Amino acid sequence: RELIDLSQEMFLLGTQGEGPLAVEDQMRIDSAWSRLQSAPRTAPADPLAHLSIERLREVAAALRVPRQVIAAFRERTVLAGSVPKGFLARMAGLVGSSIQDLLDTLTLPRQTLARSHKADEKPGDSGQISFEQLLREADLPQEQIEQLLTDDA
């Protein structure tokens, strides 16, 4: 019985002509479209949030930086304006994002991830740091730091 009903509906859909929409239908579409356009925008999806540990390692290796640099991007501790465009472009490509989405993510409030530390006291909040300072804290050689800082594409 249900198959017969379905076949009849399919037959009716196939016989209906494709003409202009009824005024009611067009009004419904316009109303729904205006609600969608006026809806508040959601925050951009973080392109680094859902990457596996293995993928984060691959990204770090491809960019030739330690994983702590990628972790700083993930935790949003690096100042977005201090990162060279070339580095951002390569990183965005590796994580499957646009440069603008990556920049938008970096400008969101800082994310603090629970990490374990081998210290007697809980580490303090150091705030955001420049890309250059991040590279220096990662103990990269001076030549590599200079190369990464002049990486403008």
# chains A, B, ... in the order shown; residues from 1 in each chain; ligands from 1
>>> residues_around(residues="range 88-97 of chain A", least_positions_apart="5", cutoff="7 Å", atoms="only C-alpha atoms", output="list in words")
Pro47, Leu48, Val59, Val83 and Leu102 of chain A
>>> write_last_selection(atoms="N, CA and C atoms", output="PDB file, in the first residue's frame")
ATOM      1  N   PRO A  47      39.979  25.889  12.908  1.00  0.00           N
ATOM      2  CA  PRO A  47      40.517  24.844  12.040  1.00  0.00           C
ATOM      3  C   PRO A  47      41.520  23.926  12.741  1.00  0.00           C
ATOM      4  N   LEU A  48      42.034  24.334  13.894  1.00  0.00           N
ATOM      5  CA  LEU A  48      43.007  23.514  14.611  1.00  0.00           C
ATOM      6  C   LEU A  48      42.380  22.662  15.701  1.00  0.00           C
ATOM      7  N   VAL A  59      51.701  18.720  10.522  1.00  0.00           N
ATOM      8  CA  VAL A  59      51.689  20.158  10.231  1.00  0.00           C
ATOM      9  C   VAL A  59      52.967  20.808  10.751  1.00  0.00           C
ATOM     10  N   VAL A  83      52.328  37.367  12.823  1.00  0.00           N
ATOM     11  CA  VAL A  83      52.667  36.192  12.026  1.00  0.00           C
ATOM     12  C   VAL A  83      52.764  36.598  10.559  1.00  0.00           C
ATOM     13  N   LEU A 102      41.740  31.305   9.650  1.00  0.00           N
ATOM     14  CA  LEU A 102      42.802  31.093  10.629  1.00  0.00           C
ATOM     15  C   LEU A 102      43.048  32.370  11.431  1.00  0.00           C
TER      16      LEU A 102
END
>>> residues_around(residues="Gly81 in chain A", least_positions_apart="3", cutoff="10 Å", atoms="only C-alpha atoms", output="PyMOL selection string")
chain A and resi 78+84-85+103+106-107+130-131
>>> write_last_selection(atoms="N, CA, C and O atoms", output="PDB file, in the first residue's frame")
ATOM      1  N   VAL A  78      49.474  33.261  20.389  1.00  0.00           N
ATOM      2  CA  VAL A  78      50.307  34.050  19.484  1.00  0.00           C
ATOM      3  C   VAL A  78      49.478  35.221  18.938  1.00  0.00           C
ATOM      4  O   VAL A  78      48.304  35.075  18.626  1.00  0.00           O
ATOM      5  N   PRO A  84      53.877  36.283   9.891  1.00  0.00           N
ATOM      6  CA  PRO A  84      54.021  36.620   8.465  1.00  0.00           C
ATOM      7  C   PRO A  84      52.945  35.945   7.615  1.00  0.00           C
ATOM      8  O   PRO A  84      52.516  34.825   7.897  1.00  0.00           O
ATOM      9  N   LYS A  85      52.529  36.633   6.573  1.00  0.00           N
ATOM     10  CA  LYS A  85      51.455  36.135   5.703  1.00  0.00           C
ATOM     11  C   LYS A  85      51.817  34.803   5.044  1.00  0.00           C
ATOM     12  O   LYS A  85      50.974  33.936   4.886  1.00  0.00           O
ATOM     13  N   LEU A 103      43.069  33.515  10.752  1.00  0.00           N
ATOM     14  CA  LEU A 103      43.246  34.798  11.447  1.00  0.00           C
ATOM     15  C   LEU A 103      42.073  35.078  12.386  1.00  0.00           C
ATOM     16  O   LEU A 103      42.273  35.543  13.509  1.00  0.00           O
ATOM     17  N   LEU A 106      42.493  33.139  15.505  1.00  0.00           N
ATOM     18  CA  LEU A 106      43.542  33.661  16.381  1.00  0.00           C
ATOM     19  C   LEU A 106      43.094  34.899  17.150  1.00  0.00           C
ATOM     20  O   LEU A 106      43.646  35.204  18.200  1.00  0.00           O
ATOM     21  N   THR A 107      42.110  35.607  16.622  1.00  0.00           N
ATOM     22  CA  THR A 107      41.644  36.808  17.306  1.00  0.00           C
ATOM     23  C   THR A 107      40.539  36.516  18.324  1.00  0.00           C
ATOM     24  O   THR A 107      40.114  37.416  19.035  1.00  0.00           O
ATOM     25  N   SER A 130      54.314  37.585  20.703  1.00  0.00           N
ATOM     26  CA  SER A 130      54.538  37.742  19.271  1.00  0.00           C
ATOM     27  C   SER A 130      55.054  36.436  18.684  1.00  0.00           C
ATOM     28  O   SER A 130      55.577  35.568  19.386  1.00  0.00           O
ATOM     29  N   PHE A 131      54.936  36.320  17.381  1.00  0.00           N
ATOM     30  CA  PHE A 131      55.413  35.135  16.684  1.00  0.00           C
ATOM     31  C   PHE A 131      56.924  34.985  16.868  1.00  0.00           C
ATOM     32  O   PHE A 131      57.423  33.879  17.110  1.00  0.00           O
TER      33      PHE A 131
END
>>> residues_around(residues="range 136-143 of chain A", least_positions_apart="4", cutoff="8 Å", atoms="only C-alpha atoms", output="ChimeraX atom specification")
/A:65-66,68-69,132,147
>>> residues_around(residues="Ile129 in chain A", least_positions_apart="3", cutoff="10 Å", atoms="only C-alpha atoms", output="count of residues only")
11
>>> atom_distance(atom1="CA of Gln8 in chain A", atom2="CA of Glu24 in chain A")
25.3 Å
>>> closest_residue(among="A:Leu51, A:Gln144, A:Ser7, A:Phe73", to="Asp104 in chain A", atoms="only C-alpha atoms")
A:Phe73
>>> closest_residue(among="A:Val23, A:Leu63, A:Ala71, A:Ile4", to="Ala49 in chain A", atoms="only C-alpha atoms")
A:Ala71
>>> atom_distance(atom1="CA of Thr105 in chain A", atom2="CA of Ala45 in chain A")
7.3 Å
>>> closest_residue(among="A:Gln100, A:Asp5, A:Arg67, A:Gln26", to="Leu135 in chain A", atoms="only C-alpha atoms")
A:Arg67
>>> atom_distance(atom1="CA of Gly86 in chain A", atom2="CA of Ile99 in chain A")
9.8 Å
>>> select_by_dssp(residues="chain A", states="alpha helix (DSSP H)", output="JSON, numbers by chain")
{"A": [2, 3, 4, 5, 6, 7, 8, 9, 10, 11, 12, 13, 14, 15, 23, 24, 25, 26, 27, 28, 29, 30, 31, 32, 33, 34, 35, 36, 37, 38, 53, 54, 55, 56, 57, 58, 59, 60, 61, 62, 63, 67, 68, 69, 70, 71, 72, 73, 74, 85, 86, 87, 88, 89, 90, 91, 92, 93, 94, 95, 99, 100, 101, 102, 103, 104, 105, 106, 131, 132, 133, 134, 135, 136, 137, 142, 143, 144, 145, 146, 147, 148, 149]}
>>> write_last_selection(atoms="C-alpha atoms", output="tab-separated table (two decimals), in the first residue's frame")
chain	number	residue	atom	x	y	z
A	2	GLU	CA	2.81	2.44	0.90
A	3	LEU	CA	4.65	1.64	-2.32
A	4	ILE	CA	1.54	2.40	-4.33
A	5	ASP	CA	1.14	5.75	-2.55
A	6	LEU	CA	4.78	6.57	-3.20
A	7	SER	CA	4.51	5.68	-6.89
A	8	GLN	CA	1.43	7.88	-7.24
A	9	GLU	CA	3.23	10.82	-5.59
A	10	MET	CA	6.21	10.32	-7.87
A	11	PHE	CA	3.94	10.21	-10.90
A	12	LEU	CA	2.23	13.44	-9.84
A	13	LEU	CA	5.58	15.18	-9.32
A	14	GLY	CA	6.69	14.14	-12.79
A	15	THR	CA	3.54	15.47	-14.47
A	23	VAL	CA	3.02	34.24	-4.83
A	24	GLU	CA	2.59	32.48	-1.47
A	25	ASP	CA	5.60	30.26	-2.09
A	26	GLN	CA	7.77	33.20	-3.13
A	27	MET	CA	6.73	35.12	0.00
A	28	ARG	CA	7.67	32.13	2.19
A	29	ILE	CA	11.06	31.84	0.50
A	30	ASP	CA	11.73	35.58	0.84
A	31	SER	CA	10.72	35.51	4.50
A	32	ALA	CA	12.99	32.56	5.29
A	33	TRP	CA	15.88	34.15	3.37
A	34	SER	CA	15.59	37.43	5.25
A	35	ARG	CA	15.58	35.55	8.59
A	36	LEU	CA	18.73	33.70	7.57
A	37	GLN	CA	20.47	36.91	6.56
A	38	SER	CA	19.55	38.72	9.76
A	53	ILE	CA	47.72	14.59	17.39
A	54	GLU	CA	49.23	12.83	14.38
A	55	ARG	CA	47.95	15.52	12.02
A	56	LEU	CA	49.33	18.27	14.31
A	57	ARG	CA	52.72	16.53	14.17
A	58	GLU	CA	52.54	16.45	10.37
A	59	VAL	CA	51.69	20.16	10.23
A	60	ALA	CA	54.58	21.01	12.55
A	61	ALA	CA	56.98	18.92	10.47
A	62	ALA	CA	55.79	20.49	7.20
A	63	LEU	CA	56.24	23.99	8.64
A	67	ARG	CA	54.96	21.21	18.04
A	68	GLN	CA	54.89	23.82	20.81
A	69	VAL	CA	54.56	26.49	18.08
A	70	ILE	CA	51.47	24.73	16.71
A	71	ALA	CA	50.17	24.35	20.27
A	72	ALA	CA	50.51	28.13	20.75
A	73	PHE	CA	48.37	28.67	17.65
A	74	ARG	CA	45.85	26.14	18.93
A	85	LYS	CA	51.46	36.13	5.70
A	86	GLY	CA	53.49	33.40	4.02
A	87	PHE	CA	53.59	31.30	7.18
A	88	LEU	CA	49.84	31.81	7.69
A	89	ALA	CA	49.15	30.82	4.08
A	90	ARG	CA	51.16	27.61	4.37
A	91	MET	CA	49.61	26.74	7.73
A	92	ALA	CA	46.09	27.44	6.49
A	93	GLY	CA	46.69	25.19	3.50
A	94	LEU	CA	47.99	22.39	5.69
A	95	VAL	CA	45.00	22.48	8.06
A	99	ILE	CA	43.94	32.44	5.81
A	100	GLN	CA	41.05	34.62	6.95
A	101	ASP	CA	39.46	31.79	8.96
A	102	LEU	CA	42.80	31.09	10.63
A	103	LEU	CA	43.25	34.80	11.45
A	104	ASP	CA	39.68	35.02	12.76
A	105	THR	CA	40.37	32.06	15.03
A	106	LEU	CA	43.54	33.66	16.38
A	131	PHE	CA	55.41	35.13	16.68
A	132	GLU	CA	59.09	36.05	16.98
A	133	GLN	CA	59.05	35.60	20.77
A	134	LEU	CA	57.29	32.25	20.32
A	135	LEU	CA	60.03	31.07	17.95
A	136	ARG	CA	62.75	32.24	20.33
A	137	GLU	CA	61.10	30.45	23.27
A	142	GLN	CA	68.56	32.35	14.65
A	143	GLU	CA	68.79	31.60	10.90
A	144	GLN	CA	65.54	29.63	10.98
A	145	ILE	CA	63.81	32.37	12.98
A	146	GLU	CA	64.89	34.99	10.43
A	147	GLN	CA	63.74	32.78	7.56
A	148	LEU	CA	60.30	32.25	9.16
A	149	LEU	CA	59.92	35.95	9.96
